[in-house]
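Asks: Sharing entry01.txt (compact mmCIF, C-alpha atoms) below.
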# COMPACT_ATOMS: atom_id res chain seq x y z
CA MET A 179 -18.80 48.03 8.18
CA LYS A 180 -21.91 46.85 9.95
CA VAL A 181 -25.25 46.49 8.19
CA ALA A 182 -26.58 49.28 10.46
CA GLN A 183 -23.95 51.64 9.01
CA LEU A 184 -24.84 50.60 5.48
CA ARG A 185 -28.46 51.43 6.28
CA THR A 186 -27.35 54.89 7.42
CA VAL A 187 -25.47 55.39 4.13
CA LEU A 188 -28.54 54.31 2.18
CA ALA A 189 -30.77 56.61 4.24
CA ILE A 190 -28.53 59.57 3.31
CA ALA A 191 -28.64 58.55 -0.36
CA GLU A 192 -32.43 58.20 -0.06
CA ARG A 193 -32.75 61.78 1.30
CA HIS A 194 -30.54 63.05 -1.49
CA HIS A 195 -32.54 61.36 -4.25
CA ARG A 196 -35.83 62.50 -2.70
CA ALA A 197 -34.55 66.08 -2.49
CA VAL A 198 -33.68 66.12 -6.18
CA GLY A 199 -37.07 64.71 -7.17
CA ARG A 200 -36.21 61.04 -7.70
CA ALA A 201 -38.93 59.78 -5.41
CA GLU A 202 -39.13 56.30 -6.94
CA LEU A 203 -35.42 55.70 -6.49
CA ALA A 204 -35.61 57.08 -2.93
CA ASP A 205 -38.50 54.72 -2.17
CA GLY A 206 -36.51 51.79 -3.58
CA LEU A 207 -33.54 52.57 -1.35
CA ALA A 208 -35.84 52.87 1.66
CA ALA A 209 -37.49 49.53 0.82
CA PHE A 210 -34.14 47.79 0.40
CA ALA A 211 -32.88 49.19 3.70
CA SER A 212 -35.99 48.56 5.74
CA ASN A 213 -37.29 45.33 4.24
CA LEU A 214 -34.08 43.42 3.69
CA LEU A 215 -31.33 44.90 5.83
CA ASN A 216 -33.11 46.01 8.99
CA GLU A 217 -33.11 42.68 10.82
CA HIS A 218 -29.37 42.24 10.31
CA ASP A 219 -28.00 45.43 11.85
CA HIS A 220 -25.63 43.55 14.14
CA MET A 221 -23.91 41.70 11.27
CA THR A 222 -21.05 42.99 9.18
CA VAL A 223 -21.89 43.64 5.55
CA ALA A 224 -19.37 40.95 4.56
CA SER A 225 -21.08 38.29 6.66
CA PHE A 226 -24.52 39.41 5.50
CA VAL A 227 -23.40 39.04 1.86
CA LYS A 228 -21.91 35.64 2.64
CA ARG A 229 -25.16 34.56 4.31
CA ILE A 230 -27.21 35.48 1.24
CA LYS A 231 -24.77 33.78 -1.11
CA SER A 232 -24.86 30.56 0.89
CA ALA A 233 -28.67 30.67 1.17
CA ARG A 234 -28.92 30.90 -2.60
CA LYS A 235 -26.60 27.95 -3.24
CA PRO A 236 -28.45 24.81 -4.31
CA LYS A 237 -28.26 22.18 -1.58
CA SER A 238 -27.03 18.66 -2.30
CA SER A 239 -29.73 16.00 -2.07
CA GLY A 240 -30.14 13.82 1.02
CA SER A 241 -29.42 10.63 -0.87
CA VAL A 242 -26.04 11.93 -2.06
CA ALA A 243 -25.14 13.03 1.47
CA ARG A 244 -26.25 9.70 2.88
CA GLY A 245 -24.26 7.82 0.27
CA LYS A 246 -21.19 9.78 1.28
CA ALA A 247 -21.74 8.90 4.96
CA THR A 248 -22.18 5.23 4.12
CA ARG A 249 -18.96 5.17 2.07
CA LYS A 250 -17.13 6.85 4.94
CA GLN A 251 -18.54 4.32 7.38
CA ALA A 252 -17.46 1.43 5.19
CA LYS A 253 -13.96 2.90 5.10
CA VAL A 254 -13.83 3.12 8.91
CA ARG A 255 -14.78 -0.50 9.25
CA MET B 238 -38.22 50.26 -9.63
CA ASN B 239 -35.98 47.45 -10.76
CA VAL B 240 -32.87 45.95 -9.21
CA GLY B 241 -30.64 47.44 -11.92
CA GLU B 242 -31.43 50.96 -10.72
CA LEU B 243 -30.54 50.09 -7.14
CA LYS B 244 -27.32 48.50 -8.37
CA ALA B 245 -26.41 51.73 -10.19
CA VAL B 246 -26.90 53.75 -6.98
CA LEU B 247 -24.74 51.31 -5.02
CA LYS B 248 -22.03 51.53 -7.68
CA GLN B 249 -22.07 55.33 -7.43
CA LEU B 250 -21.74 55.13 -3.66
CA GLU B 251 -18.90 52.65 -4.06
CA GLU B 252 -17.06 55.07 -6.37
CA LEU B 253 -17.66 57.91 -3.93
CA TYR B 254 -16.17 55.98 -1.02
CA ARG B 255 -13.28 54.66 -3.08
CA ALA B 256 -12.43 58.18 -4.24
CA GLY B 257 -12.44 59.34 -0.64
CA GLY B 258 -10.02 56.59 0.34
CA ALA B 259 -12.60 54.63 2.32
CA SER B 260 -11.69 51.41 0.56
CA SER B 261 -13.18 49.09 3.17
CA ALA B 262 -16.61 50.74 2.87
CA ALA B 263 -16.22 50.76 -0.94
CA LYS B 264 -15.49 47.04 -0.85
CA ASP B 265 -18.63 46.37 1.19
CA LEU B 266 -20.77 48.37 -1.23
CA HIS B 267 -19.19 46.47 -4.11
CA ALA B 268 -20.08 43.17 -2.43
CA VAL B 269 -23.69 44.26 -1.96
CA ALA B 270 -23.90 45.43 -5.59
CA GLU B 271 -22.49 42.06 -6.64
CA LEU B 272 -25.43 40.32 -4.94
CA LEU B 273 -27.68 42.05 -7.43
CA GLU B 274 -25.81 40.70 -10.46
CA GLY B 275 -28.08 38.78 -12.79
CA HIS B 276 -31.23 40.23 -11.19
CA GLU B 277 -31.08 43.66 -12.84
CA SER B 278 -34.35 43.29 -14.72
CA GLU B 279 -36.32 41.98 -11.72
CA SER B 280 -38.53 44.28 -9.69
CA LEU B 281 -36.91 45.34 -6.45
CA GLU B 282 -39.94 44.12 -4.52
CA LYS B 283 -39.60 40.60 -5.95
CA PHE B 284 -35.85 40.57 -5.30
CA ILE B 285 -36.38 41.57 -1.66
CA ASP B 286 -39.12 38.95 -1.16
CA ASP B 287 -37.06 36.16 -2.75
CA THR B 288 -33.94 37.04 -0.78
CA ARG B 289 -35.85 37.28 2.49
CA ALA B 290 -37.39 33.87 1.83
CA ALA B 291 -33.97 32.35 1.07
CA ILE B 292 -32.31 33.66 4.23
CA SER B 293 -35.21 32.90 6.50
CA LYS B 294 -34.63 29.17 5.97
CA PRO B 295 -32.48 27.60 8.66
CA GLU B 296 -28.82 27.64 7.61
CA SER B 297 -28.04 24.12 8.57
CA LYS B 298 -30.52 21.37 9.20
CA VAL B 299 -29.92 19.10 12.14
CA PRO B 300 -29.43 15.68 10.54
CA GLU B 301 -32.29 13.30 11.15
CA PHE B 302 -31.65 9.85 12.55
CA ASN B 303 -33.56 6.61 12.68
CA GLU B 304 -35.08 6.55 16.15
CA ALA B 305 -35.69 2.77 16.14
CA ILE B 306 -32.03 1.99 15.40
CA VAL B 307 -30.78 4.48 17.98
CA THR B 308 -33.10 3.27 20.76
CA LYS B 309 -32.30 -0.38 20.06
CA TYR B 310 -28.51 -0.05 20.21
CA ALA B 311 -28.26 2.62 22.89
CA GLN B 312 -30.43 0.48 25.14
CA ALA B 313 -28.47 -2.71 24.37
CA LEU B 314 -25.20 -0.96 25.27
CA LEU B 315 -26.67 0.50 28.44
CA ASP B 316 -28.22 -2.84 29.44
CA ALA B 317 -24.77 -4.41 29.20
CA GLY B 318 -23.69 -2.25 32.14
CA ILE B 319 -20.07 -3.06 32.93
CA ASP B 320 -20.32 -6.61 31.65
CA GLU B 321 -17.51 -6.60 29.09
CA GLN B 322 -18.83 -9.59 27.14
CA ARG B 323 -22.35 -8.24 26.82
CA PHE B 324 -21.00 -4.82 25.92
CA LYS B 325 -18.75 -6.24 23.23
CA ALA B 326 -21.58 -8.37 21.84
CA ALA B 327 -23.87 -5.32 21.61
CA LEU B 328 -21.14 -3.30 19.94
CA ASP B 329 -20.38 -6.11 17.48
CA ILE B 330 -24.03 -6.21 16.39
CA LEU B 331 -24.01 -2.43 15.98
CA ASP B 332 -20.77 -2.66 13.96
CA GLY B 333 -22.40 -5.11 11.62
CA ASP B 334 -25.54 -3.08 11.05
CA SER B 335 -25.01 -1.14 7.84
CA SER B 336 -28.26 0.76 8.34
CA ALA B 337 -26.63 2.67 11.21
CA SER B 338 -24.91 5.67 9.60
CA LYS B 339 -22.88 8.49 11.14
CA VAL B 340 -25.97 10.30 12.49
CA GLU B 341 -27.26 7.18 14.22
CA TRP B 342 -23.82 6.42 15.67
CA ALA B 343 -23.53 9.97 16.98
CA GLU B 344 -26.93 9.81 18.64
CA ILE B 345 -26.22 6.37 20.13
CA ALA B 346 -22.91 7.65 21.54
CA ASN B 347 -24.66 10.69 23.02
CA ARG B 348 -27.41 8.64 24.63
CA TYR B 349 -24.91 6.11 25.95
CA ARG B 350 -22.83 8.89 27.51
CA ASN B 351 -25.75 10.91 28.85
CA ALA B 352 -28.22 8.27 30.03
CA PRO B 353 -26.81 7.45 33.50
CA THR B 354 -26.56 11.11 34.55
CA GLY B 355 -29.57 12.38 32.64
CA GLY B 356 -27.27 14.81 30.85
CA THR B 357 -28.46 16.59 27.74
CA HIS B 358 -25.21 17.78 26.21
CA GLN B 359 -24.93 16.78 22.56
CA TYR B 360 -21.36 15.91 21.65
CA LYS B 361 -20.46 16.37 18.01
CA PHE B 362 -18.82 13.43 16.31
CA THR B 363 -17.28 13.93 12.92
CA SER B 364 -17.21 10.26 12.00
CA VAL B 365 -18.49 6.81 12.91
CA LYS B 366 -15.03 6.07 14.28
CA ALA B 367 -15.17 9.08 16.63
CA ALA B 368 -18.61 8.08 17.92
CA ARG B 369 -17.48 4.45 18.37
CA ASN B 370 -14.36 5.55 20.26
CA ALA B 371 -16.49 7.71 22.54
CA ILE B 372 -18.67 4.70 23.36
CA LEU B 373 -15.57 2.60 24.10
CA ASP B 374 -14.05 5.36 26.25
CA THR B 375 -17.27 5.78 28.20
CA PHE B 376 -17.50 2.04 28.83
CA GLY B 377 -13.83 1.97 29.89
CA GLY B 378 -14.41 4.88 32.26
CA ARG B 379 -17.44 3.21 33.86
CA LEU B 380 -15.64 -0.10 34.23
CA GLU B 381 -12.65 1.59 35.81
CA SER B 382 -14.80 3.61 38.16
CA VAL B 383 -16.67 0.51 39.39
CA SER B 384 -13.50 -1.53 39.89
CA LYS B 385 -11.85 1.36 41.79
CA ARG B 386 -14.93 1.61 43.97
CA GLY B 387 -14.73 -2.16 44.57
CA ILE B 388 -11.08 -1.96 45.63
CA ILE B 389 -11.80 0.94 47.99
CA GLU B 390 -14.75 -0.92 49.48
CA ARG B 391 -12.64 -4.06 50.01
CA ILE B 392 -9.83 -2.05 51.64
CA THR B 393 -12.31 -0.18 53.85
CA HIS B 394 -14.00 -3.45 54.83
CA TRP B 395 -10.64 -5.12 55.55
CA ALA B 396 -9.41 -2.16 57.63
CA SER B 397 -12.55 -1.91 59.76
Show how you would write the structure in this file as C-alpha cells.

Replies:
Amino acid sequence: MKVAQLRTVLAIAERHHRAVGRAELADGLAAFASNLLNEHDHMTVASFVKRIKSARKPKSSGSVARGKATRKQAKVR
Amino acid sequence: MNVGELKAVLKQLEELYRAGGASSAAKDLHAVAELLEGHESESLEKFIDDTRAAISKPESKVPEFNEAIVTKYAQALLDAGIDEQRFKAALDILDGDSSASKVEWAEIANRYRNAPTGGTHQYKFTSVKAARNAILDTFGGRLESVSKRGIIERITHWAS
C-alpha cells in the first residue's frame, strides 16, 4: 500500500479514537500522519520503512571507505 | 503521548487487517510498527523529529575528489591529443600516482571524455580499471577518427 493509503487508515483510526474520547491518542495519530508521513504519499509503505531503516544505520567512516578503494586500486594494478 | 501507545494502535490495526484477510496491508502496518521498536518510552514528538531529521539527510553523498589531481591528469591526457607517446607517458604517471583513487580516476575519465565536446554527462565507473579502460577507449576512438579523416582527405585530394 502507498503511504497516502496508510494516512487514510490512520485518519479513520484517529476519528474513531476521538469519537470515543481518546483525544490524546487521536492527536498522536494525527501528528504521526501529518508530520512524518505526509511528504511521502507517493512512496509505498515498504519503501518508506526501508528508507527510514537505512537512514538510521550508522555510516562507515570516510577513512575506512578510502582504505577499501586504495586496496582495490592496488589490486587492479 | 509516547511511541508505545502509537505502536499499540498500529498493532490493533494490523490484527484487524489480518483478520479480514488483507495480509498485504497487515504486513505494511507490521513493518511500520516495527520501526517503533525500542522507542516505546520516547515521546511521539521526539520520535517524529528524530526520524524526520534522519531521513532529511541526503541518502548517498556524491564522493568528493581531489580537484588538483583531477585537473593535472585530465589536462595532461587532453594535451597529449592523439600523440600516442605523450598519451602513454601521461597515463603512466597517473598509473604510478597512488594518491589518485577511484573517485579521482572516475572524474579524470569523465573530463577526458567530455572536454572536447563540452559534454556534461557523468559516466559511472565502478573501479579504477573501468575508468582507465574508458580513457584508453576514448583515446583509441579519437586516434581512429583522425586517421580515418586523414585517409579520406588524402583520397579526396588524390581524386581531385

Asks: Give me, please, the distance in Å between atom CA of B:Glu279 and atom CA of A:Arg234, quoted to one decimal.

Replies: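 A separation of 16.1 Å between them.
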
Asks: Would you compute the distance between atom CA of B:Trp342 and atom CA of B:Glu381? Give it in Å to one decimal.

Replies: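 Computed distance, atom CA of B:Trp342 to atom CA of B:Glu381, equals 23.5 Å.
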
Asks: Do a neighbour search on B:Leu266 at 12 Å with only C-alpha atoms, toss out local chain neighbours closer than 5 positions, and write the hits as a ChimeraX atom specification.

Replies: /A:179-181,183-185,187-188,222-224,226-227 /B:243-255,259-261,271-273

Asks: Report the closest atom pair, with its distance in Å rounded to one decimal, for each residue of chain B that has an atom no farther than 10 Å from chain A; count only C-alpha atoms, sort by chain and then rising residue number, and write it as a Markdown table.

Replies:
| residue | atom | partner | partner_atom | distance |
| --- | --- | --- | --- | --- |
| B:Met238 | CA | A:Gly206 | CA | 6.5 |
| B:Asn239 | CA | A:Gly206 | CA | 8.4 |
| B:Val240 | CA | A:Gly206 | CA | 8.9 |
| B:Glu242 | CA | A:Leu203 | CA | 7.5 |
| B:Leu243 | CA | A:Leu207 | CA | 7.0 |
| B:Val246 | CA | A:Ala191 | CA | 8.4 |
| B:Leu247 | CA | A:Leu188 | CA | 8.7 |
| B:Leu250 | CA | A:Ala191 | CA | 8.4 |
| B:Ser261 | CA | A:Met179 | CA | 7.6 |
| B:Ala262 | CA | A:Met179 | CA | 6.4 |
| B:Ala263 | CA | A:Met179 | CA | 9.9 |
| B:Lys264 | CA | A:Ala224 | CA | 9.0 |
| B:Asp265 | CA | A:Val223 | CA | 6.1 |
| B:Leu266 | CA | A:Leu184 | CA | 8.2 |
| B:Ala268 | CA | A:Val227 | CA | 6.8 |
| B:Val269 | CA | A:Val227 | CA | 6.5 |
| B:Ala270 | CA | A:Val227 | CA | 9.8 |
| B:Glu271 | CA | A:Val227 | CA | 9.1 |
| B:Leu272 | CA | A:Val227 | CA | 7.2 |
| B:Ser280 | CA | A:Gly206 | CA | 9.9 |
| B:Leu281 | CA | A:Gly206 | CA | 7.1 |
| B:Glu282 | CA | A:Ala209 | CA | 8.0 |
| B:Phe284 | CA | A:Phe210 | CA | 9.4 |
| B:Ile285 | CA | A:Leu214 | CA | 6.1 |
| B:Asp286 | CA | A:Leu214 | CA | 8.3 |
| B:Asp287 | CA | A:Arg234 | CA | 9.7 |
| B:Thr288 | CA | A:Ile230 | CA | 7.2 |
| B:Arg289 | CA | A:Leu214 | CA | 6.5 |
| B:Ala290 | CA | A:Ala233 | CA | 9.3 |
| B:Ala291 | CA | A:Ala233 | CA | 5.6 |
| B:Ile292 | CA | A:Ala233 | CA | 5.6 |
| B:Ser293 | CA | A:Ala233 | CA | 8.7 |
| B:Lys294 | CA | A:Ala233 | CA | 7.8 |
| B:Pro295 | CA | A:Ala233 | CA | 8.9 |
| B:Glu296 | CA | A:Ala233 | CA | 7.1 |
| B:Ser297 | CA | A:Ala233 | CA | 9.9 |
| B:Pro300 | CA | A:Gly240 | CA | 9.7 |
| B:Asp332 | CA | A:Arg255 | CA | 7.9 |
| B:Gly333 | CA | A:Arg255 | CA | 9.2 |
| B:Ser335 | CA | A:Thr248 | CA | 7.9 |
| B:Ser336 | CA | A:Thr248 | CA | 8.6 |
| B:Ala337 | CA | A:Thr248 | CA | 8.8 |
| B:Ser338 | CA | A:Thr248 | CA | 6.1 |
| B:Lys339 | CA | A:Ala247 | CA | 6.3 |
| B:Val340 | CA | A:Ala247 | CA | 8.7 |
| B:Ser364 | CA | A:Gln251 | CA | 7.6 |
| B:Val365 | CA | A:Gln251 | CA | 6.1 |
| B:Lys366 | CA | A:Val254 | CA | 6.2 |
| B:Ala367 | CA | A:Val254 | CA | 9.8 |

Asks: Quick one: residues within 7 Å of (-21.2, 1.9, 29.3) (file frame), counting only C-alpha atoms, please, as a list in words.

Replies: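 Nearby residues: Leu314, Leu315, Gly318, Ile319, Tyr349, Thr375, Phe376 and Arg379 of chain B.
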
Asks: Please measure the separation of atom CA of B:Ala327 and atom CA of B:Ala305, giving the value in Å to one decimal.

Replies: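 For atom CA of B:Ala327 relative to atom CA of B:Ala305, the distance reads 15.3 Å.
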
Asks: Taking all atoms of stretch 308-323 of chain B that the file lists and extending 5 Å past them on each side, where is the centre of the axis-aligned box and how long are its edges? Answer in Å to one decimal, as JSON.

Replies:
{"center_x": -25.3, "center_y": -3.2, "center_z": 26.5, "size_x": 25.6, "size_y": 22.9, "size_z": 22.9}

Asks: Skipping near chain neighbours, those fewer than 3 positions away, what residues fall within 9 Å of B:Ala313 using all atoms listed in the file, listed as a ChimeraX atom specification?

Replies: /B:308-310,316-317,323-324,327-328

Asks: Rank nothing, just name the residue among A:Ala208, A:Ile190, A:Ala182, A:Ala197 nearest to A:Met221, using all atoms listed in the file.

Replies: A:Ala182

Asks: With a distance cut-off of 10 Å and only C-alpha atoms, select the neighbouring residues of B:Lys361, excluding the residue or stretch itself and same-chain residues fewer than 5 positions from it, and output the selection as JSON, numbers by chain.

Replies: {"B": [340, 343, 344, 346, 347, 367, 368]}

Asks: Using all atoms listed in the file and a cutoff of 6 Å, can you tell me which residues are near (-27.2, 45.1, -14.2) in the file's coordinates, and write them out as a ChimeraX atom specification?

Replies: /B:241,274,277

Asks: Reconstruct stretch 194-214 of chain A at the level of N, CA and C atoms, and format the result as a PDB file, in the frame of the given file.

Replies:
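Saved the output as rebuild-v8.pdb:
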ATOM      1  N   HIS A 194     -31.077  62.296  -0.358  1.00  0.00           N
ATOM      2  CA  HIS A 194     -30.540  63.050  -1.490  1.00  0.00           C
ATOM      3  C   HIS A 194     -31.423  62.870  -2.731  1.00  0.00           C
ATOM      4  N   HIS A 195     -31.746  61.627  -3.041  1.00  0.00           N
ATOM      5  CA  HIS A 195     -32.540  61.360  -4.250  1.00  0.00           C
ATOM      6  C   HIS A 195     -33.959  61.950  -4.119  1.00  0.00           C
ATOM      7  N   ARG A 196     -34.497  61.928  -2.895  1.00  0.00           N
ATOM      8  CA  ARG A 196     -35.830  62.500  -2.700  1.00  0.00           C
ATOM      9  C   ARG A 196     -35.785  64.015  -2.905  1.00  0.00           C
ATOM     10  N   ALA A 197     -34.687  64.614  -2.394  1.00  0.00           N
ATOM     11  CA  ALA A 197     -34.550  66.080  -2.490  1.00  0.00           C
ATOM     12  C   ALA A 197     -34.429  66.552  -3.943  1.00  0.00           C
ATOM     13  N   VAL A 198     -33.827  65.702  -4.774  1.00  0.00           N
ATOM     14  CA  VAL A 198     -33.680  66.120  -6.180  1.00  0.00           C
ATOM     15  C   VAL A 198     -34.822  65.582  -7.073  1.00  0.00           C
ATOM     16  N   GLY A 199     -35.859  65.112  -6.436  1.00  0.00           N
ATOM     17  CA  GLY A 199     -37.070  64.710  -7.170  1.00  0.00           C
ATOM     18  C   GLY A 199     -37.103  63.295  -7.689  1.00  0.00           C
ATOM     19  N   ARG A 200     -36.163  62.455  -7.244  1.00  0.00           N
ATOM     20  CA  ARG A 200     -36.210  61.040  -7.700  1.00  0.00           C
ATOM     21  C   ARG A 200     -36.898  60.195  -6.604  1.00  0.00           C
ATOM     22  N   ALA A 201     -38.165  60.427  -6.489  1.00  0.00           N
ATOM     23  CA  ALA A 201     -38.930  59.780  -5.410  1.00  0.00           C
ATOM     24  C   ALA A 201     -38.936  58.256  -5.524  1.00  0.00           C
ATOM     25  N   GLU A 202     -39.051  57.747  -6.764  1.00  0.00           N
ATOM     26  CA  GLU A 202     -39.130  56.300  -6.940  1.00  0.00           C
ATOM     27  C   GLU A 202     -37.839  55.611  -6.485  1.00  0.00           C
ATOM     28  N   LEU A 203     -36.724  56.237  -6.878  1.00  0.00           N
ATOM     29  CA  LEU A 203     -35.420  55.700  -6.490  1.00  0.00           C
ATOM     30  C   LEU A 203     -35.257  55.770  -4.959  1.00  0.00           C
ATOM     31  N   ALA A 204     -35.688  56.901  -4.389  1.00  0.00           N
ATOM     32  CA  ALA A 204     -35.610  57.080  -2.930  1.00  0.00           C
ATOM     33  C   ALA A 204     -36.449  56.007  -2.228  1.00  0.00           C
ATOM     34  N   ASP A 205     -37.633  55.741  -2.769  1.00  0.00           N
ATOM     35  CA  ASP A 205     -38.500  54.720  -2.170  1.00  0.00           C
ATOM     36  C   ASP A 205     -37.847  53.337  -2.257  1.00  0.00           C
ATOM     37  N   GLY A 206     -37.189  53.075  -3.384  1.00  0.00           N
ATOM     38  CA  GLY A 206     -36.510  51.790  -3.580  1.00  0.00           C
ATOM     39  C   GLY A 206     -35.397  51.606  -2.556  1.00  0.00           C
ATOM     40  N   LEU A 207     -34.625  52.645  -2.336  1.00  0.00           N
ATOM     41  CA  LEU A 207     -33.540  52.570  -1.350  1.00  0.00           C
ATOM     42  C   LEU A 207     -34.109  52.337   0.046  1.00  0.00           C
ATOM     43  N   ALA A 208     -35.204  53.028   0.340  1.00  0.00           N
ATOM     44  CA  ALA A 208     -35.840  52.870   1.660  1.00  0.00           C
ATOM     45  C   ALA A 208     -36.361  51.437   1.821  1.00  0.00           C
ATOM     46  N   ALA A 209     -36.951  50.900   0.755  1.00  0.00           N
ATOM     47  CA  ALA A 209     -37.490  49.530   0.820  1.00  0.00           C
ATOM     48  C   ALA A 209     -36.367  48.522   1.020  1.00  0.00           C
ATOM     49  N   PHE A 210     -35.283  48.705   0.291  1.00  0.00           N
ATOM     50  CA  PHE A 210     -34.140  47.790   0.400  1.00  0.00           C
ATOM     51  C   PHE A 210     -33.588  47.821   1.828  1.00  0.00           C
ATOM     52  N   ALA A 211     -33.452  49.039   2.355  1.00  0.00           N
ATOM     53  CA  ALA A 211     -32.880  49.190   3.700  1.00  0.00           C
ATOM     54  C   ALA A 211     -33.820  48.653   4.773  1.00  0.00           C
ATOM     55  N   SER A 212     -35.100  48.956   4.643  1.00  0.00           N
ATOM     56  CA  SER A 212     -35.990  48.560   5.740  1.00  0.00           C
ATOM     57  C   SER A 212     -36.535  47.147   5.598  1.00  0.00           C
ATOM     58  N   ASN A 213     -36.692  46.666   4.380  1.00  0.00           N
ATOM     59  CA  ASN A 213     -37.290  45.330   4.240  1.00  0.00           C
ATOM     60  C   ASN A 213     -36.274  44.197   4.163  1.00  0.00           C
ATOM     61  N   LEU A 214     -35.060  44.507   3.805  1.00  0.00           N
ATOM     62  CA  LEU A 214     -34.080  43.420   3.690  1.00  0.00           C
ATOM     63  C   LEU A 214     -32.955  43.526   4.720  1.00  0.00           C
TER      64      LEU A 214
END
